[in-house]
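Participant: So that you have it, the file is final_18.pdb, and it contains PDB, C-alpha atoms:
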ATOM      1  CA  MET A   1      27.921  -3.404   0.136
ATOM      2  CA  LYS A   2      24.392  -2.737  -1.051
ATOM      3  CA  GLN A   3      22.554   0.477  -0.244
ATOM      4  CA  ALA A   4      18.841   1.258  -0.461
ATOM      5  CA  GLU A   5      16.922   4.449   0.092
ATOM      6  CA  ILE A   6      13.380   4.768   1.408
ATOM      7  CA  LYS A   7      11.638   8.076   0.816
ATOM      8  CA  LEU A   8       8.509   9.405   2.483
ATOM      9  CA  ASN A   9       6.578  12.365   1.147
ATOM     10  CA  VAL A  10       3.806  13.758   3.370
ATOM     11  CA  ILE A  11       1.448  16.418   2.048
ATOM     12  CA  LEU A  12      -0.214  18.428   4.837
ATOM     13  CA  ASP A  13      -3.242  20.692   4.883
ATOM     14  CA  GLU A  14      -3.279  24.164   6.481
ATOM     15  CA  GLN A  15      -3.648  22.615   9.961
ATOM     16  CA  ASN A  16      -0.707  20.223   9.379
ATOM     17  CA  VAL A  17      -2.992  17.197   9.059
ATOM     18  CA  PRO A  18      -1.750  14.684   6.485
ATOM     19  CA  GLU A  19      -3.772  14.679   3.290
ATOM     20  CA  ARG A  20      -1.511  12.277   1.444
ATOM     21  CA  ILE A  21       1.401   9.983   2.272
ATOM     22  CA  ASP A  22       3.538   8.650  -0.570
ATOM     23  CA  TRP A  23       6.553   6.400  -0.244
ATOM     24  CA  SER A  24       9.162   4.868  -2.513
ATOM     25  CA  SER A  25      12.144   2.582  -2.195
ATOM     26  CA  THR A  26      15.142   2.090  -4.441
ATOM     27  CA  ASP A  27      15.116  -1.608  -3.464
ATOM     28  CA  GLY A  28      11.452  -2.352  -4.155
ATOM     29  CA  GLU A  29       9.632  -3.855  -7.107
ATOM     30  CA  SER A  30       9.090  -0.342  -8.403
ATOM     31  CA  SER A  31      10.921   2.877  -7.611
ATOM     32  CA  GLU A  32       7.760   4.911  -8.286
ATOM     33  CA  GLU A  33       5.962   6.594  -5.401
ATOM     34  CA  MET A  34       3.178   4.505  -3.897
ATOM     35  CA  PRO A  35       0.276   5.999  -1.928
ATOM     36  CA  SER A  36      -0.469   5.060   1.654
ATOM     37  CA  LYS A  37      -3.139   6.165   4.112
ATOM     38  CA  ALA A  38      -1.165   5.547   7.314
ATOM     39  CA  MET A  39       2.325   4.816   8.598
ATOM     40  CA  PHE A  40       4.211   3.918  11.758
ATOM     41  CA  LEU A  41       7.941   4.529  11.793
ATOM     42  CA  ALA A  42      10.061   3.536  14.777
ATOM     43  CA  LEU A  43      13.796   4.079  15.131
ATOM     44  CA  TRP A  44      16.110   3.152  18.000
ATOM     45  CA  ASP A  45      18.219   5.950  19.460
ATOM     46  CA  ALA A  46      21.260   4.085  20.801
ATOM     47  CA  GLN A  47      22.681   7.160  22.521
ATOM     48  CA  TYR A  48      19.602   7.827  24.692
ATOM     49  CA  LYS A  49      18.371   4.188  24.746
ATOM     50  CA  ASN A  50      14.847   4.987  23.632
ATOM     51  CA  SER A  51      12.687   4.799  20.562
ATOM     52  CA  LEU A  52      11.850   7.625  18.237
ATOM     53  CA  ARG A  53       8.593   7.258  16.390
ATOM     54  CA  ILE A  54       6.316   8.891  13.898
ATOM     55  CA  ASP A  55       2.745   7.785  13.403
ATOM     56  CA  LEU A  56       0.684   9.500  10.743
ATOM     57  CA  TRP A  57      -2.590   8.828   8.996
ATOM     58  CA  THR A  58      -4.463  10.739   6.358
ATOM     59  CA  LYS A  59      -7.835  12.404   6.785
ATOM     60  CA  ASP A  60      -9.465   9.758   4.622
ATOM     61  CA  MET A  61      -8.117   6.716   6.531
ATOM     62  CA  PRO A  62     -11.288   4.830   7.515
ATOM     63  CA  TYR A  63     -11.576   3.751  11.149
ATOM     64  CA  ASP A  64     -12.133   0.099  10.222
ATOM     65  CA  GLU A  65      -8.894   0.112   8.187
ATOM     66  CA  MET A  66      -7.056   1.790  11.087
ATOM     67  CA  LYS A  67      -8.184  -0.992  13.431
ATOM     68  CA  ARG A  68      -6.899  -3.593  10.961
ATOM     69  CA  PHE A  69      -3.639  -1.635  10.565
ATOM     70  CA  PHE A  70      -3.076  -1.704  14.350
ATOM     71  CA  TYR A  71      -3.869  -5.422  14.492
ATOM     72  CA  GLU A  72      -1.495  -6.314  11.672
ATOM     73  CA  THR A  73       1.240  -4.069  13.093
ATOM     74  CA  LEU A  74       1.037  -5.796  16.480
ATOM     75  CA  GLN A  75       1.224  -9.196  14.773
ATOM     76  CA  THR A  76       4.263  -8.256  12.682
ATOM     77  CA  LEU A  77       6.011  -6.710  15.700
ATOM     78  CA  GLY A  78       5.737 -10.134  17.295
ATOM     79  CA  ASP A  79       7.244 -11.747  14.191
ATOM     80  CA  SER A  80      10.115  -9.252  14.232
ATOM     81  CA  PHE A  81      10.806  -9.822  17.911
ATOM     82  CA  LEU A  82      10.946 -13.591  17.442
ATOM     83  CA  ARG A  83      13.461 -13.195  14.598
ATOM     84  CA  ALA A  84      15.577 -10.865  16.744
ATOM     85  CA  ALA A  85      15.402 -13.151  19.797
ATOM     86  CA  GLY A  86      17.255 -15.937  18.013
ATOM     87  CA  GLY A  87      15.401 -18.858  19.585
ATOM     88  CA  ASP A  88      15.096 -17.561  23.172
ATOM     89  CA  PRO A  89      12.326 -19.733  24.724
ATOM     90  CA  MET A  90      11.117 -16.829  26.879
ATOM     91  CA  ALA A  91      10.530 -14.762  23.730
ATOM     92  CA  ASP A  92       8.301 -17.534  22.364
ATOM     93  CA  LYS A  93       6.217 -17.472  25.552
ATOM     94  CA  VAL A  94       5.919 -13.694  25.667
ATOM     95  CA  ILE A  95       5.030 -13.426  21.987
ATOM     96  CA  GLY A  96       2.436 -16.149  22.588
ATOM     97  CA  ASP A  97       0.866 -13.735  25.082
ATOM     98  CA  LEU A  98       1.009 -10.977  22.460
ATOM     99  CA  ARG A  99      -0.732 -13.289  19.954
ATOM    100  CA  ASP A 100      -3.451 -13.949  22.543
ATOM    101  CA  TYR A 101      -3.886 -10.207  22.996
ATOM    102  CA  CYS A 102      -4.030  -9.713  19.218
ATOM    103  CA  ALA A 103      -6.821 -12.287  19.003
ATOM    104  CA  HIS A 104      -8.652 -10.451  21.832
ATOM    105  CA  PHE A 105      -8.123  -7.088  20.088
ATOM    106  CA  ALA A 106      -9.375  -8.494  16.774
ATOM    107  CA  GLU A 107     -12.481  -9.939  18.400
ATOM    108  CA  LYS A 108     -13.362  -6.835  20.411
ATOM    109  CA  MET A 109     -12.674  -4.442  17.547
ATOM    110  CA  GLU A 110     -14.348  -6.746  15.002
ATOM    111  CA  VAL A 111     -11.243  -6.637  12.824
ATOM    112  CA  LEU A 112     -11.243 -10.036  11.180
ATOM    113  CA  GLU A 113     -13.957 -11.323   8.928
ATOM    114  CA  GLU A 114     -15.265 -14.791   9.642
ATOM    115  CA  GLN A 115     -13.696 -17.532   7.558
ATOM    116  CA  LYS A 116     -16.172 -19.144   5.159
TER     117      LYS A 116
END
Represent the structure contained in this file as structure tokens.
Facilitator:
Amino acid sequence: MKQAEIKLNVILDEQNVPERIDWSSTDGESSEEMPSKAMFLALWDAQYKNSLRIDLWTKDMPYDEMKRFFYETLQTLGDSFLRAAGGDPMADKVIGDLRDYCAHFAEKMEVLEEQK
């Protein structure tokens, strides 16, 4: 059995606002800490049948990057759900709706640059 460890290191200011988020993984290309400006972490609590989550962003995370981060997170959540659904046709339809919403979000929030 293989085992990997993911570490998060969050440096807070005096008001507990993240100034820096660093992460590392023993199973990545490099085991050195890498900087990040924002993170979403979601875990499933099987006992209480609900999700536990942490969402953090640093003081210097620009708003335009945060909008793009939300957009890309929604898109990849759809990808993850489709993999988990194992070919369920209803999942394809529902994730199609999510993709439509993502396109709407991207347009309204001016997230994506025009293709040239």
Participant: With distances taken over all atoms listed in the file, which residue among A:Met1, A:Ala46, A:Ala38, A:Ile11 lies nearest Asp60 in chain A?
Facilitator: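 For Asp60 in chain A, the nearest of the candidates is A:Ala38.
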Participant: Hey, can you check how far CA of Pro89 in chain A sits from CA of Lys108 in chain A?
Facilitator: 29.1 Å
Participant: Select, from A:Lys2, A:Ser30, A:Ala91, A:Tyr71, the residue with the minimum atom-to-atom distance to Glu107 in chain A, counting all atoms listed in the file.
Facilitator: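 Result for the nearest residue to Glu107 in chain A: A:Tyr71.
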Participant: Check what the PyMOL selection byres ((chain A and resi 101-106) around 9) selects in the file above and give those residues as a PyMOL selection string.
Facilitator: chain A and resi 67-68+71-72+74-75+96-100+107-112
Participant: What separation in Å, quoted to one decimal, exists between CA of Arg83 in chain A and CA of Thr26 in chain A?
Facilitator: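 We find that CA of Arg83 in chain A and CA of Thr26 in chain A lie 24.5 Å from each other.
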Participant: May I ask for the distance between CA of Ile54 in chain A and CA of Phe40 in chain A, given in Å to one decimal place?
Facilitator: 5.8 Å
Participant: Determine the residue membership of the PyMOL selection byres ((chain A and resi 59) around 12) for the file above and supply it as a PyMOL selection string.
Facilitator: chain A and resi 11-13+15-21+36-38+56-58+60-63+66
Participant: Since we have the selection now, will you write its residues out, keeping C-alpha atoms, as a compact mmCIF listing (two decimals), keeping the file's coordinate frame?
Facilitator:
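Saved to result_11.txt:
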# COMPACT_ATOMS: atom_id res chain seq x y z
CA ILE A 11 1.45 16.42 2.05
CA LEU A 12 -0.21 18.43 4.84
CA ASP A 13 -3.24 20.69 4.88
CA GLN A 15 -3.65 22.62 9.96
CA ASN A 16 -0.71 20.22 9.38
CA VAL A 17 -2.99 17.20 9.06
CA PRO A 18 -1.75 14.68 6.48
CA GLU A 19 -3.77 14.68 3.29
CA ARG A 20 -1.51 12.28 1.44
CA ILE A 21 1.40 9.98 2.27
CA SER A 36 -0.47 5.06 1.65
CA LYS A 37 -3.14 6.16 4.11
CA ALA A 38 -1.16 5.55 7.31
CA LEU A 56 0.68 9.50 10.74
CA TRP A 57 -2.59 8.83 9.00
CA THR A 58 -4.46 10.74 6.36
CA ASP A 60 -9.46 9.76 4.62
CA MET A 61 -8.12 6.72 6.53
CA PRO A 62 -11.29 4.83 7.52
CA TYR A 63 -11.58 3.75 11.15
CA MET A 66 -7.06 1.79 11.09
Participant: Which polymer residues have any atom within 8 Å of an atom of Leu82 in chain A, counting all atoms listed in the file, with same-chain residues fewer than 3 positions away left out, as a ChimeraX atom specification?
Facilitator: /A:78-79,85-87,91-92,95
Participant: I want to know what sits within 9 Å of Asp27 in chain A, based on only C-alpha atoms, with residues of the same chain fewer than 6 positions away left out; could you give that as JSON, numbers by chain?
Facilitator: {"A": [3, 4, 5, 6]}
